[in-house]
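The structure file structure.cif is reproduced below (mmCIF, C-alpha atoms and all ligand atoms).
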data_work
#
loop_
_atom_site.group_PDB
_atom_site.id
_atom_site.type_symbol
_atom_site.label_atom_id
_atom_site.label_comp_id
_atom_site.auth_asym_id
_atom_site.auth_seq_id
_atom_site.Cartn_x
_atom_site.Cartn_y
_atom_site.Cartn_z
ATOM 1 C CA MET A 1 -16.983 -21.093 24.846
ATOM 2 C CA ALA A 2 -13.512 -19.863 25.572
ATOM 3 C CA TYR A 3 -13.851 -17.035 23.064
ATOM 4 C CA LEU A 4 -16.173 -14.068 23.516
ATOM 5 C CA ASN A 5 -19.442 -14.196 21.609
ATOM 6 C CA VAL A 6 -20.784 -11.067 19.937
ATOM 7 C CA THR A 7 -23.048 -10.174 22.877
ATOM 8 C CA GLU A 8 -20.143 -10.487 25.296
ATOM 9 C CA ILE A 9 -17.938 -8.252 23.123
ATOM 10 C CA GLU A 10 -20.580 -5.532 23.111
ATOM 11 C CA SER A 11 -21.170 -5.812 26.860
ATOM 12 C CA ALA A 12 -17.415 -5.744 27.477
ATOM 13 C CA VAL A 13 -16.838 -2.438 25.674
ATOM 14 C CA ALA A 14 -19.915 -0.918 27.345
ATOM 15 C CA ALA A 15 -18.687 -2.072 30.759
ATOM 16 C CA LEU A 16 -15.225 -0.596 30.151
ATOM 17 C CA ALA A 17 -16.722 2.756 29.167
ATOM 18 C CA ALA A 18 -18.841 2.718 32.338
ATOM 19 C CA ALA A 19 -15.924 1.723 34.562
ATOM 20 C CA TYR A 20 -13.480 4.298 33.158
ATOM 21 C CA PRO A 21 -15.587 7.357 32.239
ATOM 22 C CA ALA A 22 -12.582 9.716 32.220
ATOM 23 C CA THR A 23 -10.459 7.654 29.841
ATOM 24 C CA ALA A 24 -12.896 5.606 27.743
ATOM 25 C CA GLU A 25 -15.765 6.675 25.526
ATOM 26 C CA LEU A 26 -18.334 4.352 23.980
ATOM 27 C CA ILE A 27 -19.049 5.302 20.356
ATOM 28 C CA ALA A 28 -22.025 3.809 18.515
ATOM 29 C CA CYS A 29 -21.366 2.974 14.871
ATOM 30 C CA PRO A 30 -24.274 4.197 12.767
ATOM 31 C CA ASN A 31 -24.986 1.261 10.440
ATOM 32 C CA ALA A 32 -26.768 -1.812 11.745
ATOM 33 C CA THR A 33 -25.674 -5.092 10.170
ATOM 34 C CA HIS A 34 -27.865 -7.231 7.890
ATOM 35 C CA GLU A 35 -28.985 -9.146 11.000
ATOM 36 C CA SER A 36 -29.735 -5.855 12.814
ATOM 37 C CA ARG A 37 -26.745 -5.873 15.123
ATOM 38 C CA GLN A 38 -25.465 -2.539 16.395
ATOM 39 C CA THR A 39 -21.732 -2.274 17.074
ATOM 40 C CA HIS A 40 -19.576 0.065 19.150
ATOM 41 C CA MET A 41 -16.053 1.377 19.199
ATOM 42 C CA LEU A 42 -14.220 2.360 22.345
ATOM 43 C CA ARG A 43 -12.075 5.482 22.364
ATOM 44 C CA VAL A 44 -9.266 5.000 24.858
ATOM 45 C CA GLY A 45 -7.111 7.952 25.856
ATOM 46 C CA ALA A 46 -6.284 10.407 28.618
ATOM 47 C CA SER A 47 -5.127 13.455 26.728
ATOM 48 C CA SER A 48 -5.942 16.697 28.501
ATOM 49 C CA GLY A 49 -4.881 19.048 25.708
ATOM 50 C CA PRO A 50 -6.210 19.452 22.177
ATOM 51 C CA ALA A 51 -7.394 16.246 20.543
ATOM 52 C CA PRO A 52 -4.289 14.244 19.699
ATOM 53 C CA GLU A 53 -3.404 12.129 16.682
ATOM 54 C CA ALA A 54 -5.413 8.942 16.698
ATOM 55 C CA ILE A 55 -5.119 5.301 15.692
ATOM 56 C CA LEU A 56 -8.012 3.060 14.639
ATOM 57 C CA VAL A 57 -7.594 -0.630 15.415
ATOM 58 C CA LEU A 58 -10.007 -3.113 13.827
ATOM 59 C CA GLY A 59 -10.759 -6.698 14.781
ATOM 60 C CA GLY A 60 -13.253 -9.299 13.636
ATOM 61 C CA VAL A 61 -13.432 -8.240 9.974
ATOM 62 C CA HIS A 62 -13.064 -11.919 9.069
ATOM 63 C CA ALA A 63 -15.579 -13.981 10.967
ATOM 64 C CA ARG A 64 -13.521 -17.133 11.498
ATOM 65 C CA GLU A 65 -10.528 -15.259 12.920
ATOM 66 C CA TRP A 66 -11.748 -15.434 16.498
ATOM 67 C CA VAL A 67 -8.665 -14.168 18.316
ATOM 68 C CA PRO A 68 -8.426 -10.456 17.431
ATOM 69 C CA PRO A 69 -11.737 -9.262 18.973
ATOM 70 C CA ASP A 70 -10.843 -10.889 22.285
ATOM 71 C CA ALA A 71 -7.300 -9.540 22.093
ATOM 72 C CA LEU A 72 -8.526 -6.000 21.412
ATOM 73 C CA VAL A 73 -11.002 -6.052 24.297
ATOM 74 C CA SER A 74 -8.150 -7.231 26.533
ATOM 75 C CA LEU A 75 -5.807 -4.551 25.193
ATOM 76 C CA ALA A 76 -8.313 -1.810 25.993
ATOM 77 C CA ALA A 77 -8.994 -3.249 29.457
ATOM 78 C CA ASP A 78 -5.277 -3.610 30.203
ATOM 79 C CA LEU A 79 -4.433 -0.047 29.147
ATOM 80 C CA LEU A 80 -7.337 1.462 31.070
ATOM 81 C CA GLU A 81 -6.563 -0.464 34.244
ATOM 82 C CA ALA A 82 -2.801 0.081 34.106
ATOM 83 C CA TYR A 83 -3.247 3.811 33.570
ATOM 84 C CA GLU A 84 -5.683 4.132 36.458
ATOM 85 C CA LEU A 85 -3.475 2.140 38.830
ATOM 86 C CA GLY A 86 -0.247 3.722 37.603
ATOM 87 C CA THR A 87 1.339 0.379 36.755
ATOM 88 C CA GLY A 88 3.129 -1.023 33.742
ATOM 89 C CA LEU A 89 2.018 -3.929 31.555
ATOM 90 C CA ARG A 90 3.697 -7.232 30.898
ATOM 91 C CA TYR A 91 2.970 -9.734 28.115
ATOM 92 C CA GLY A 92 5.254 -12.772 28.352
ATOM 93 C CA GLY A 93 8.786 -11.417 28.078
ATOM 94 C CA LYS A 94 7.723 -7.976 26.885
ATOM 95 C CA GLN A 95 7.332 -5.258 29.475
ATOM 96 C CA PHE A 96 6.014 -1.737 29.238
ATOM 97 C CA THR A 97 6.806 0.601 32.123
ATOM 98 C CA ALA A 98 4.185 2.667 33.914
ATOM 99 C CA ASP A 99 5.697 5.706 32.224
ATOM 100 C CA GLU A 100 5.295 4.148 28.765
ATOM 101 C CA VAL A 101 1.656 3.334 29.515
ATOM 102 C CA ARG A 102 1.084 6.882 30.742
ATOM 103 C CA ARG A 103 2.712 8.395 27.658
ATOM 104 C CA ALA A 104 0.713 6.185 25.291
ATOM 105 C CA MET A 105 -2.534 7.053 27.047
ATOM 106 C CA GLU A 106 -1.835 10.788 27.185
ATOM 107 C CA THR A 107 -0.415 11.372 23.706
ATOM 108 C CA VAL A 108 -2.661 9.347 21.377
ATOM 109 C CA ASP A 109 -6.296 8.393 21.135
ATOM 110 C CA LEU A 110 -6.798 4.720 20.454
ATOM 111 C CA PHE A 111 -10.071 3.888 18.721
ATOM 112 C CA VAL A 112 -10.646 0.195 19.345
ATOM 113 C CA TYR A 113 -13.305 -1.404 17.139
ATOM 114 C CA PRO A 114 -13.102 -5.002 18.304
ATOM 115 C CA CYS A 115 -15.772 -6.703 16.223
ATOM 116 C CA VAL A 116 -16.516 -5.143 12.843
ATOM 117 C CA ASN A 117 -18.435 -8.177 11.530
ATOM 118 C CA PRO A 118 -20.586 -9.578 14.354
ATOM 119 C CA ASP A 119 -23.064 -11.397 12.066
ATOM 120 C CA GLY A 120 -20.205 -13.350 10.543
ATOM 121 C CA ARG A 121 -18.644 -14.117 13.920
ATOM 122 C CA HIS A 122 -21.976 -15.347 15.280
ATOM 123 C CA HIS A 123 -22.392 -17.622 12.246
ATOM 124 C CA SER A 124 -18.834 -18.890 12.592
ATOM 125 C CA GLN A 125 -19.264 -19.597 16.304
ATOM 126 C CA THR A 126 -22.661 -21.271 16.025
ATOM 127 C CA ALA A 127 -22.996 -22.872 12.555
ATOM 128 C CA ASP A 128 -19.972 -22.829 10.246
ATOM 129 C CA PRO A 129 -16.593 -22.381 11.959
ATOM 130 C CA MET A 130 -14.720 -21.557 8.716
ATOM 131 C CA TRP A 131 -17.134 -18.785 7.701
ATOM 132 C CA ARG A 132 -15.223 -15.618 6.703
ATOM 133 C CA LYS A 133 -17.647 -13.105 5.158
ATOM 134 C CA ASN A 134 -20.540 -11.091 6.571
ATOM 135 C CA ARG A 135 -24.126 -12.372 6.239
ATOM 136 C CA ARG A 136 -25.515 -10.310 3.368
ATOM 137 C CA PRO A 137 -28.524 -12.246 2.047
ATOM 138 C CA HIS A 138 -28.373 -13.545 -1.496
ATOM 139 C CA PRO A 139 -30.118 -11.022 -3.802
ATOM 140 C CA ASN A 140 -32.640 -13.561 -5.146
ATOM 141 C CA GLY A 141 -33.066 -15.605 -2.015
ATOM 142 C CA GLY A 142 -30.467 -18.112 -3.198
ATOM 143 C CA GLY A 143 -27.850 -19.877 -1.162
ATOM 144 C CA CYS A 144 -24.909 -17.580 -1.857
ATOM 145 C CA VAL A 145 -24.660 -15.484 1.276
ATOM 146 C CA GLY A 146 -22.116 -12.892 2.351
ATOM 147 C CA VAL A 147 -19.530 -10.348 1.248
ATOM 148 C CA ASP A 148 -15.853 -10.274 2.214
ATOM 149 C CA ILE A 149 -15.704 -6.954 4.098
ATOM 150 C CA ASN A 150 -11.996 -6.788 3.359
ATOM 151 C CA ARG A 151 -12.677 -6.672 -0.395
ATOM 152 C CA ASN A 152 -15.488 -4.101 -0.191
ATOM 153 C CA PHE A 153 -13.581 -0.871 0.521
ATOM 154 C CA ASP A 154 -13.066 1.945 -1.963
ATOM 155 C CA PHE A 155 -9.561 1.076 -3.080
ATOM 156 C CA LEU A 156 -9.326 -0.226 -6.655
ATOM 157 C CA TRP A 157 -12.538 -2.066 -5.751
ATOM 158 C CA ASP A 158 -13.440 -2.928 -9.357
ATOM 159 C CA HIS A 159 -10.545 -5.302 -9.934
ATOM 160 C CA LEU A 160 -11.797 -6.284 -13.398
ATOM 161 C CA ALA A 161 -11.237 -2.683 -14.529
ATOM 162 C CA LYS A 162 -8.300 -1.714 -12.319
ATOM 163 C CA PHE A 163 -5.859 -4.630 -12.546
ATOM 164 C CA ALA A 164 -4.043 -6.456 -15.312
ATOM 165 C CA ALA A 165 -6.022 -9.504 -16.398
ATOM 166 C CA ASP A 166 -3.128 -11.769 -15.371
ATOM 167 C CA SER A 167 -2.349 -10.054 -12.049
ATOM 168 C CA GLY A 168 -3.907 -12.775 -9.889
ATOM 169 C CA VAL A 169 -5.631 -10.161 -7.726
ATOM 170 C CA ASN A 170 -7.279 -11.903 -4.791
ATOM 171 C CA THR A 171 -10.952 -10.882 -4.993
ATOM 172 C CA SER A 172 -14.087 -12.006 -6.810
ATOM 173 C CA ALA A 173 -17.179 -10.560 -8.491
ATOM 174 C CA ASN A 174 -18.973 -13.886 -8.016
ATOM 175 C CA ALA A 175 -21.533 -13.722 -5.200
ATOM 176 C CA CYS A 176 -21.115 -17.460 -4.706
ATOM 177 C CA ASP A 177 -17.390 -17.195 -3.995
ATOM 178 C CA ARG A 178 -17.138 -18.633 -0.500
ATOM 179 C CA ASN A 179 -14.349 -16.356 0.698
ATOM 180 C CA VAL A 180 -13.560 -13.221 -1.281
ATOM 181 C CA TYR A 181 -16.779 -11.915 -2.911
ATOM 182 C CA ARG A 182 -16.266 -8.148 -3.185
ATOM 183 C CA GLY A 183 -19.959 -7.204 -2.930
ATOM 184 C CA PRO A 184 -22.396 -5.756 -5.473
ATOM 185 C CA SER A 185 -20.927 -2.240 -5.283
ATOM 186 C CA VAL A 186 -18.171 -0.380 -3.506
ATOM 187 C CA ALA A 187 -18.827 0.008 0.248
ATOM 188 C CA SER A 188 -22.162 -1.773 -0.193
ATOM 189 C CA GLU A 189 -21.906 -3.334 3.257
ATOM 190 C CA PRO A 190 -22.907 -1.702 6.561
ATOM 191 C CA GLU A 191 -19.763 -3.122 8.194
ATOM 192 C CA THR A 192 -17.572 -1.401 5.586
ATOM 193 C CA ARG A 193 -19.450 1.863 5.999
ATOM 194 C CA ASN A 194 -19.011 1.783 9.776
ATOM 195 C CA VAL A 195 -15.240 1.757 9.299
ATOM 196 C CA THR A 196 -15.247 4.553 6.719
ATOM 197 C CA TRP A 197 -17.665 6.494 8.946
ATOM 198 C CA ALA A 198 -15.108 6.345 11.742
ATOM 199 C CA LEU A 199 -12.344 7.604 9.443
ATOM 200 C CA ASP A 200 -14.518 10.409 8.073
ATOM 201 C CA THR A 201 -15.925 11.417 11.470
ATOM 202 C CA TYR A 202 -12.535 11.512 13.178
ATOM 203 C CA PRO A 203 -10.104 12.880 10.588
ATOM 204 C CA ARG A 204 -7.348 12.936 13.197
ATOM 205 C CA ILE A 205 -7.174 9.161 12.791
ATOM 206 C CA GLN A 206 -3.897 8.944 10.900
ATOM 207 C CA TRP A 207 -3.207 5.241 11.269
ATOM 208 C CA LEU A 208 -5.322 2.166 10.708
ATOM 209 C CA VAL A 209 -4.318 -1.241 12.026
ATOM 210 C CA ASP A 210 -6.509 -4.168 10.959
ATOM 211 C CA VAL A 211 -5.786 -7.166 13.162
ATOM 212 C CA HIS A 212 -6.318 -10.619 11.630
ATOM 213 C CA SER A 213 -5.282 -14.092 12.733
ATOM 214 C CA ALA A 214 -4.861 -16.040 9.502
ATOM 215 C CA VAL A 215 -1.166 -15.458 8.748
ATOM 216 C CA PRO A 216 1.468 -14.438 11.293
ATOM 217 C CA VAL A 217 2.945 -11.420 9.505
ATOM 218 C CA ILE A 218 2.955 -7.616 9.797
ATOM 219 C CA LEU A 219 1.816 -6.202 6.446
ATOM 220 C CA HIS A 220 2.058 -2.544 5.458
ATOM 221 C CA SER A 221 0.992 -0.483 2.430
ATOM 222 C CA TRP A 222 0.631 -0.993 -0.488
ATOM 223 C CA GLY A 223 -1.309 -4.087 -1.477
ATOM 224 C CA SER A 224 -1.902 -3.289 -5.126
ATOM 225 C CA ASP A 225 1.587 -3.586 -6.630
ATOM 226 C CA GLN A 226 5.210 -3.492 -5.577
ATOM 227 C CA ASN A 227 6.163 -0.215 -3.916
ATOM 228 C CA GLN A 228 8.361 2.297 -5.708
ATOM 229 C CA THR A 229 9.418 5.775 -4.610
ATOM 230 C CA ALA A 230 10.550 7.348 -7.914
ATOM 231 C CA ARG A 231 7.487 7.695 -10.179
ATOM 232 C CA PRO A 232 4.634 9.670 -8.562
ATOM 233 C CA ASP A 233 2.490 9.247 -11.690
ATOM 234 C CA GLN A 234 2.314 5.486 -11.121
ATOM 235 C CA THR A 235 -0.477 5.512 -8.570
ATOM 236 C CA PHE A 236 -3.799 3.797 -7.995
ATOM 237 C CA ARG A 237 -5.449 7.109 -8.855
ATOM 238 C CA ASN A 238 -4.060 7.062 -12.413
ATOM 239 C CA GLY A 239 -6.378 5.211 -14.789
ATOM 240 C CA ALA A 240 -3.688 5.103 -17.478
ATOM 241 C CA PHE A 241 -2.178 2.093 -15.673
ATOM 242 C CA ASP A 242 -5.398 0.154 -15.120
ATOM 243 C CA THR A 243 -4.481 -2.602 -17.574
ATOM 244 C CA VAL A 244 -0.990 -3.251 -16.162
ATOM 245 C CA ARG A 245 -1.457 -2.875 -12.389
ATOM 246 C CA GLY A 246 -0.779 -5.780 -10.046
ATOM 247 C CA ARG A 247 1.847 -7.807 -11.909
ATOM 248 C CA ALA A 248 4.786 -8.917 -9.771
ATOM 249 C CA ASN A 249 8.359 -8.228 -10.841
ATOM 250 C CA ASP A 250 7.569 -6.170 -13.930
ATOM 251 C CA THR A 251 9.102 -2.815 -14.814
ATOM 252 C CA VAL A 252 5.936 -1.232 -16.218
ATOM 253 C CA TYR A 253 4.157 -0.269 -13.004
ATOM 254 C CA GLY A 254 4.857 -0.020 -9.298
ATOM 255 C CA GLU A 255 2.636 1.628 -6.684
ATOM 256 C CA TYR A 256 4.084 5.003 -5.704
ATOM 257 C CA ILE A 257 4.738 5.713 -2.059
ATOM 258 C CA ALA A 258 6.710 8.723 -0.885
ATOM 259 C CA ALA A 259 10.048 7.637 0.550
ATOM 260 C CA GLY A 260 9.256 9.225 3.918
ATOM 261 C CA ASP A 261 5.910 7.415 4.153
ATOM 262 C CA LEU A 262 7.493 4.108 3.231
ATOM 263 C CA ASN A 263 10.136 4.633 5.858
ATOM 264 C CA ARG A 264 7.507 5.372 8.529
ATOM 265 C CA CYS A 265 5.451 2.304 7.555
ATOM 266 C CA ALA A 266 8.488 0.051 7.584
ATOM 267 C CA THR A 267 9.853 1.460 10.846
ATOM 268 C CA ILE A 268 6.557 1.179 12.729
ATOM 269 C CA SER A 269 5.945 -2.302 11.321
ATOM 270 C CA GLN A 270 9.370 -3.399 12.510
ATOM 271 C CA ARG A 271 8.658 -1.995 15.974
ATOM 272 C CA MET A 272 5.404 -3.935 16.065
ATOM 273 C CA ASN A 273 7.247 -7.067 15.028
ATOM 274 C CA ASP A 274 9.907 -6.525 17.693
ATOM 275 C CA ALA A 275 7.207 -6.069 20.344
ATOM 276 C CA VAL A 276 5.479 -9.302 19.297
ATOM 277 C CA LYS A 277 8.812 -11.118 19.276
ATOM 278 C CA GLY A 278 9.508 -9.930 22.804
ATOM 279 C CA VAL A 279 6.443 -11.758 24.149
ATOM 280 C CA ARG A 280 7.259 -15.369 23.261
ATOM 281 C CA GLY A 281 9.973 -15.110 20.621
ATOM 282 C CA ASP A 282 7.676 -15.438 17.602
ATOM 283 C CA ASP A 283 9.160 -13.627 14.607
ATOM 284 C CA TYR A 284 6.186 -12.708 12.411
ATOM 285 C CA GLY A 285 8.260 -10.792 9.894
ATOM 286 C CA VAL A 286 7.418 -7.567 8.065
ATOM 287 C CA GLU A 287 6.318 -7.375 4.457
ATOM 288 C CA GLN A 288 4.688 -5.047 2.029
ATOM 289 C CA ALA A 289 1.064 -6.235 1.725
ATOM 290 C CA PHE A 290 1.541 -6.980 -1.984
ATOM 291 C CA GLY A 291 3.904 -9.777 -0.931
ATOM 292 C CA LEU A 292 0.914 -11.798 0.305
ATOM 293 C CA TYR A 293 -1.050 -11.359 -2.930
ATOM 294 C CA PRO A 294 -2.304 -8.381 -4.979
ATOM 295 C CA THR A 295 -5.454 -7.030 -3.362
ATOM 296 C CA SER A 296 -8.242 -4.579 -3.955
ATOM 297 C CA GLY A 297 -10.898 -3.216 -1.617
ATOM 298 C CA ARG A 298 -9.003 -3.814 1.608
ATOM 299 C CA ALA A 299 -9.428 -1.623 4.667
ATOM 300 C CA THR A 300 -5.772 -0.905 5.209
ATOM 301 C CA THR A 301 -5.179 0.194 1.649
ATOM 302 C CA SER A 302 -8.192 2.486 1.566
ATOM 303 C CA ARG A 303 -6.177 5.197 3.316
ATOM 304 C CA SER A 304 -2.669 6.163 2.345
ATOM 305 C CA ALA A 305 0.087 5.245 4.763
ATOM 306 C CA GLY A 306 -2.201 2.994 6.795
ATOM 307 C CA ILE A 307 -0.687 -0.268 7.948
HETATM 308 ZN ZN ZN B 401 -8.411 -12.138 7.804
#
Written as C-alpha cells, that's how I'd like the structure from this file.
Amino acid sequence: MAYLNVTEIESAVAALAAAYPATAELIACPNATHESRQTHMLRVGASSGPAPEAILVLGGVHAREWVPPDALVSLAADLLEAYELGTGLRYGGKQFTADEVRRAMETVDLFVYPCVNPDGRHHSQTADPMWRKNRRPHPNGGGCVGVDINRNFDFLWDHLAKFAADSGVNTSANACDRNVYRGPSVASEPETRNVTWALDTYPRIQWLVDVHSAVPVILHSWGSDQNQTARPDQTFRNGAFDTVRGRANDTVYGEYIAAGDLNRCATISQRMNDAVKGVRGDDYGVEQAFGLYPTSGRATTSRSAGI
C-alpha cells in the first residue's frame, strides 16, 4: 500500500527518535485504544535554553483521511534531517532556508502526534475505506461501532443542552450514527484522552493544529458560533446562552474572542495558507471554523486560541 499502515507509522516515529537522539524524543501516550494499540508522539526540537513554547500537531483523528499521518511523519523526518545537515527544505515552489529551519528547530518544540486513531485507520485500510470513527465496541454487542473522536472533546460536548435546537450543530447522540457519534460521555475515548493528556502534561503547548484531509481549508477558532470581539459575556462558558448558541447570522449570540487572539489566529492561518499556496498554487482559503458548520466536542476548539 502506498500509504503507511499503523505499524509502519509507529516504527517510523521510533526510528526517527533513535536516529536523532539529540533533537527527537519518543513520547508514549498513556491510553491504549479499544483494540489495545499503543501510540506515540514525537517531540522535535533543538532548543538549548529553557523549554520553549510548543505546538501540538495531530493527524489521523479521522480514520479515512489517510494523508495527514504520512505527511506528519515526513514533516518530522524532513525537519530532523535538514537541521542535522544544515540544509533548507523545499516543497514544490516553496522554499525554507537553512536559517529558517534552524530557527524553527531552536525556538519551538513541535509535538507531532501522527496517528491519533490507529484502530480506525487500520479498519479503513483493511475493511471499510470510508470509515471515520474509532472502533469503540457497541455497548450491547450490537452493530453500531465507533465514536467520532472529533466530537468527543470537552467543548460544549452536550450539544442537546448547549446549542439552540435549530442550530444545525454537526454531532450526534445516536451511537448508530455512522460519522459523528459524540460518544457516551465527554472524553470517553482513549484517543481523546491521549490528546488532552498531552495538553495537560505539557502546558507550554500553546497551539494545536489538527490536520485533516476532507476539505481544503484552513479553519481557526471558534467553531461554536460566529466570532465577536465586543461582548465578553457571550462565551461558551456562560450557560445563560445555551438555548441560543450556534445560530448563523443572528444578533443574539456570538462567540467572544479577544481582538488580539482573533488577530493572531487569522494572521497565522493566512501564513499557513500562503505557505500551502507556494507549493503548487492551491489556495485553500482561511475561515473561522463556524463557517464549515457549528460544532461541539472538537479538538481544536477545546483550547482557546487553538487553530
Ligand atoms: Zn476529518
- Query: Exactly which residues make up the result of the PyMOL selection byres (((chain A and resi 296) around 7) and not hetatm) on this file, given as a PyMOL selection string?
  - Reply: chain A and resi 151+155-157+159+171+224+295+297-298
What does the file look like for those residues with C-alpha atoms, as a PDB file, in the frame of the given file?
ATOM      1  CA  ARG A 151     -12.677  -6.672  -0.395  1.00  0.00           C
ATOM      2  CA  PHE A 155      -9.561   1.076  -3.080  1.00  0.00           C
ATOM      3  CA  LEU A 156      -9.326  -0.226  -6.655  1.00  0.00           C
ATOM      4  CA  TRP A 157     -12.538  -2.066  -5.751  1.00  0.00           C
ATOM      5  CA  HIS A 159     -10.545  -5.302  -9.934  1.00  0.00           C
ATOM      6  CA  THR A 171     -10.952 -10.882  -4.993  1.00  0.00           C
ATOM      7  CA  SER A 224      -1.902  -3.289  -5.126  1.00  0.00           C
ATOM      8  CA  THR A 295      -5.454  -7.030  -3.362  1.00  0.00           C
ATOM      9  CA  GLY A 297     -10.898  -3.216  -1.617  1.00  0.00           C
ATOM     10  CA  ARG A 298      -9.003  -3.814   1.608  1.00  0.00           C
TER      11      ARG A 298
END
- Task: Can you tell me which residues come within 10 Å of ligand ZN 401 (chain B) when counting all atoms listed in the file, ideally as a list in words?
- Result: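 So the residues close to ligand ZN 401 (chain B) are Gly59, Gly60, Val61, His62, Ala63, Arg64, Glu65, Trp66, Pro68, Arg132, Lys133, Asp148, Ile149, Asn150, Asp210, Val211, His212, Ser213, Ala214 and Val215 of chain A.
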- Message: What's around segment 187-203 of chain A at 7 Å? Count only C-alpha atoms, leave out sequence neighbours fewer than 5 positions away in its own chain, and write the answer as number ranges by chain.
- Response: A: 29-33, 116-117, 149, 152-154
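Atom to atom, atom CA of Glu106 of chain A and atom CA of Gly45 of chain A stand 6.1 Å apart.
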Per residue of segment 162-238 of chain A within 9 Å of segment 255-278 of chain A, record the nearest atom pair and its distance in Å to one decimal, counting all atoms listed in the file, with rows in chain order and ascending residue number, as JSON lines.
{"residue": "A:Val217", "atom": "CA", "partner": "A:Asn273", "partner_atom": "CA", "distance": 8.2}
{"residue": "A:Ile218", "atom": "CA", "partner": "A:Ser269", "partner_atom": "CA", "distance": 6.3}
{"residue": "A:Leu219", "atom": "CA", "partner": "A:Ser269", "partner_atom": "CA", "distance": 7.5}
{"residue": "A:His220", "atom": "CA", "partner": "A:Cys265", "partner_atom": "CA", "distance": 6.3}
{"residue": "A:Ser221", "atom": "CA", "partner": "A:Cys265", "partner_atom": "CA", "distance": 7.3}
{"residue": "A:Trp222", "atom": "CA", "partner": "A:Glu255", "partner_atom": "CA", "distance": 7.0}
{"residue": "A:Gly223", "atom": "CA", "partner": "A:Glu255", "partner_atom": "CA", "distance": 8.7}
{"residue": "A:Ser224", "atom": "CA", "partner": "A:Glu255", "partner_atom": "CA", "distance": 6.9}
{"residue": "A:Asp225", "atom": "CA", "partner": "A:Glu255", "partner_atom": "CA", "distance": 5.3}
{"residue": "A:Gln226", "atom": "CA", "partner": "A:Glu255", "partner_atom": "CA", "distance": 5.8}
{"residue": "A:Asn227", "atom": "CA", "partner": "A:Glu255", "partner_atom": "CA", "distance": 4.8}
{"residue": "A:Gln228", "atom": "CA", "partner": "A:Tyr256", "partner_atom": "CA", "distance": 5.1}
{"residue": "A:Thr229", "atom": "CA", "partner": "A:Ile257", "partner_atom": "CA", "distance": 5.3}
{"residue": "A:Ala230", "atom": "CA", "partner": "A:Tyr256", "partner_atom": "CA", "distance": 7.2}
{"residue": "A:Arg231", "atom": "CA", "partner": "A:Tyr256", "partner_atom": "CA", "distance": 6.2}
{"residue": "A:Pro232", "atom": "CA", "partner": "A:Tyr256", "partner_atom": "CA", "distance": 5.5}
{"residue": "A:Asp233", "atom": "CA", "partner": "A:Tyr256", "partner_atom": "CA", "distance": 7.5}
{"residue": "A:Gln234", "atom": "CA", "partner": "A:Tyr256", "partner_atom": "CA", "distance": 5.7}
{"residue": "A:Thr235", "atom": "CA", "partner": "A:Glu255", "partner_atom": "CA", "distance": 5.3}
{"residue": "A:Phe236", "atom": "CA", "partner": "A:Glu255", "partner_atom": "CA", "distance": 6.9}
- Task: Show which residues sit within 9 Å of Ala22 of chain A, as an MDAnalysis selection string. Count all atoms listed in the file, and ignore same-chain residues fewer than 3 positions away.
- Result: chainID A and resid 17 19 25 45:46
- Message: Taking only C-alpha atoms into account, name the residue in A:Arg182, A:Arg237, A:His138, A:His123 that is nearest to Asn5 of chain A.
- Response: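 Among the listed residues, the smallest separation from Asn5 of chain A belongs to A:His123.
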Incomplete segment 49-61 of chain A filled out to N, CA and C atoms as a PDB file, keeping the file's coordinate frame:
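Saved to selection17.pdb:
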ATOM      1  N   GLY A  49      -5.025  17.897  26.599  1.00  0.00           N
ATOM      2  CA  GLY A  49      -4.881  19.048  25.708  1.00  0.00           C
ATOM      3  C   GLY A  49      -5.790  18.934  24.509  1.00  0.00           C
ATOM      4  N   PRO A  50      -5.422  19.583  23.403  1.00  0.00           N
ATOM      5  CA  PRO A  50      -6.210  19.452  22.177  1.00  0.00           C
ATOM      6  C   PRO A  50      -6.205  18.003  21.697  1.00  0.00           C
ATOM      7  N   ALA A  51      -7.242  17.638  20.960  1.00  0.00           N
ATOM      8  CA  ALA A  51      -7.394  16.246  20.543  1.00  0.00           C
ATOM      9  C   ALA A  51      -6.142  15.758  19.812  1.00  0.00           C
ATOM     10  N   PRO A  52      -5.541  14.703  20.282  1.00  0.00           N
ATOM     11  CA  PRO A  52      -4.289  14.244  19.699  1.00  0.00           C
ATOM     12  C   PRO A  52      -4.497  13.383  18.449  1.00  0.00           C
ATOM     13  N   GLU A  53      -3.388  13.072  17.801  1.00  0.00           N
ATOM     14  CA  GLU A  53      -3.404  12.129  16.682  1.00  0.00           C
ATOM     15  C   GLU A  53      -4.013  10.816  17.168  1.00  0.00           C
ATOM     16  N   ALA A  54      -4.683  10.130  16.268  1.00  0.00           N
ATOM     17  CA  ALA A  54      -5.413   8.942  16.698  1.00  0.00           C
ATOM     18  C   ALA A  54      -5.106   7.741  15.805  1.00  0.00           C
ATOM     19  N   ILE A  55      -5.338   6.579  16.366  1.00  0.00           N
ATOM     20  CA  ILE A  55      -5.119   5.301  15.692  1.00  0.00           C
ATOM     21  C   ILE A  55      -6.429   4.511  15.765  1.00  0.00           C
ATOM     22  N   LEU A  56      -6.840   3.940  14.651  1.00  0.00           N
ATOM     23  CA  LEU A  56      -8.012   3.060  14.639  1.00  0.00           C
ATOM     24  C   LEU A  56      -7.528   1.619  14.508  1.00  0.00           C
ATOM     25  N   VAL A  57      -7.976   0.785  15.435  1.00  0.00           N
ATOM     26  CA  VAL A  57      -7.594  -0.630  15.415  1.00  0.00           C
ATOM     27  C   VAL A  57      -8.844  -1.472  15.218  1.00  0.00           C
ATOM     28  N   LEU A  58      -8.854  -2.282  14.160  1.00  0.00           N
ATOM     29  CA  LEU A  58     -10.007  -3.113  13.827  1.00  0.00           C
ATOM     30  C   LEU A  58      -9.750  -4.571  14.179  1.00  0.00           C
ATOM     31  N   GLY A  59     -10.807  -5.248  14.597  1.00  0.00           N
ATOM     32  CA  GLY A  59     -10.759  -6.698  14.781  1.00  0.00           C
ATOM     33  C   GLY A  59     -12.052  -7.308  14.249  1.00  0.00           C
ATOM     34  N   GLY A  60     -12.028  -8.594  13.988  1.00  0.00           N
ATOM     35  CA  GLY A  60     -13.253  -9.299  13.636  1.00  0.00           C
ATOM     36  C   GLY A  60     -13.797  -9.030  12.254  1.00  0.00           C
ATOM     37  N   VAL A  61     -12.990  -8.446  11.361  1.00  0.00           N
ATOM     38  CA  VAL A  61     -13.432  -8.240   9.974  1.00  0.00           C
ATOM     39  C   VAL A  61     -13.734  -9.603   9.332  1.00  0.00           C
TER      40      VAL A  61
END
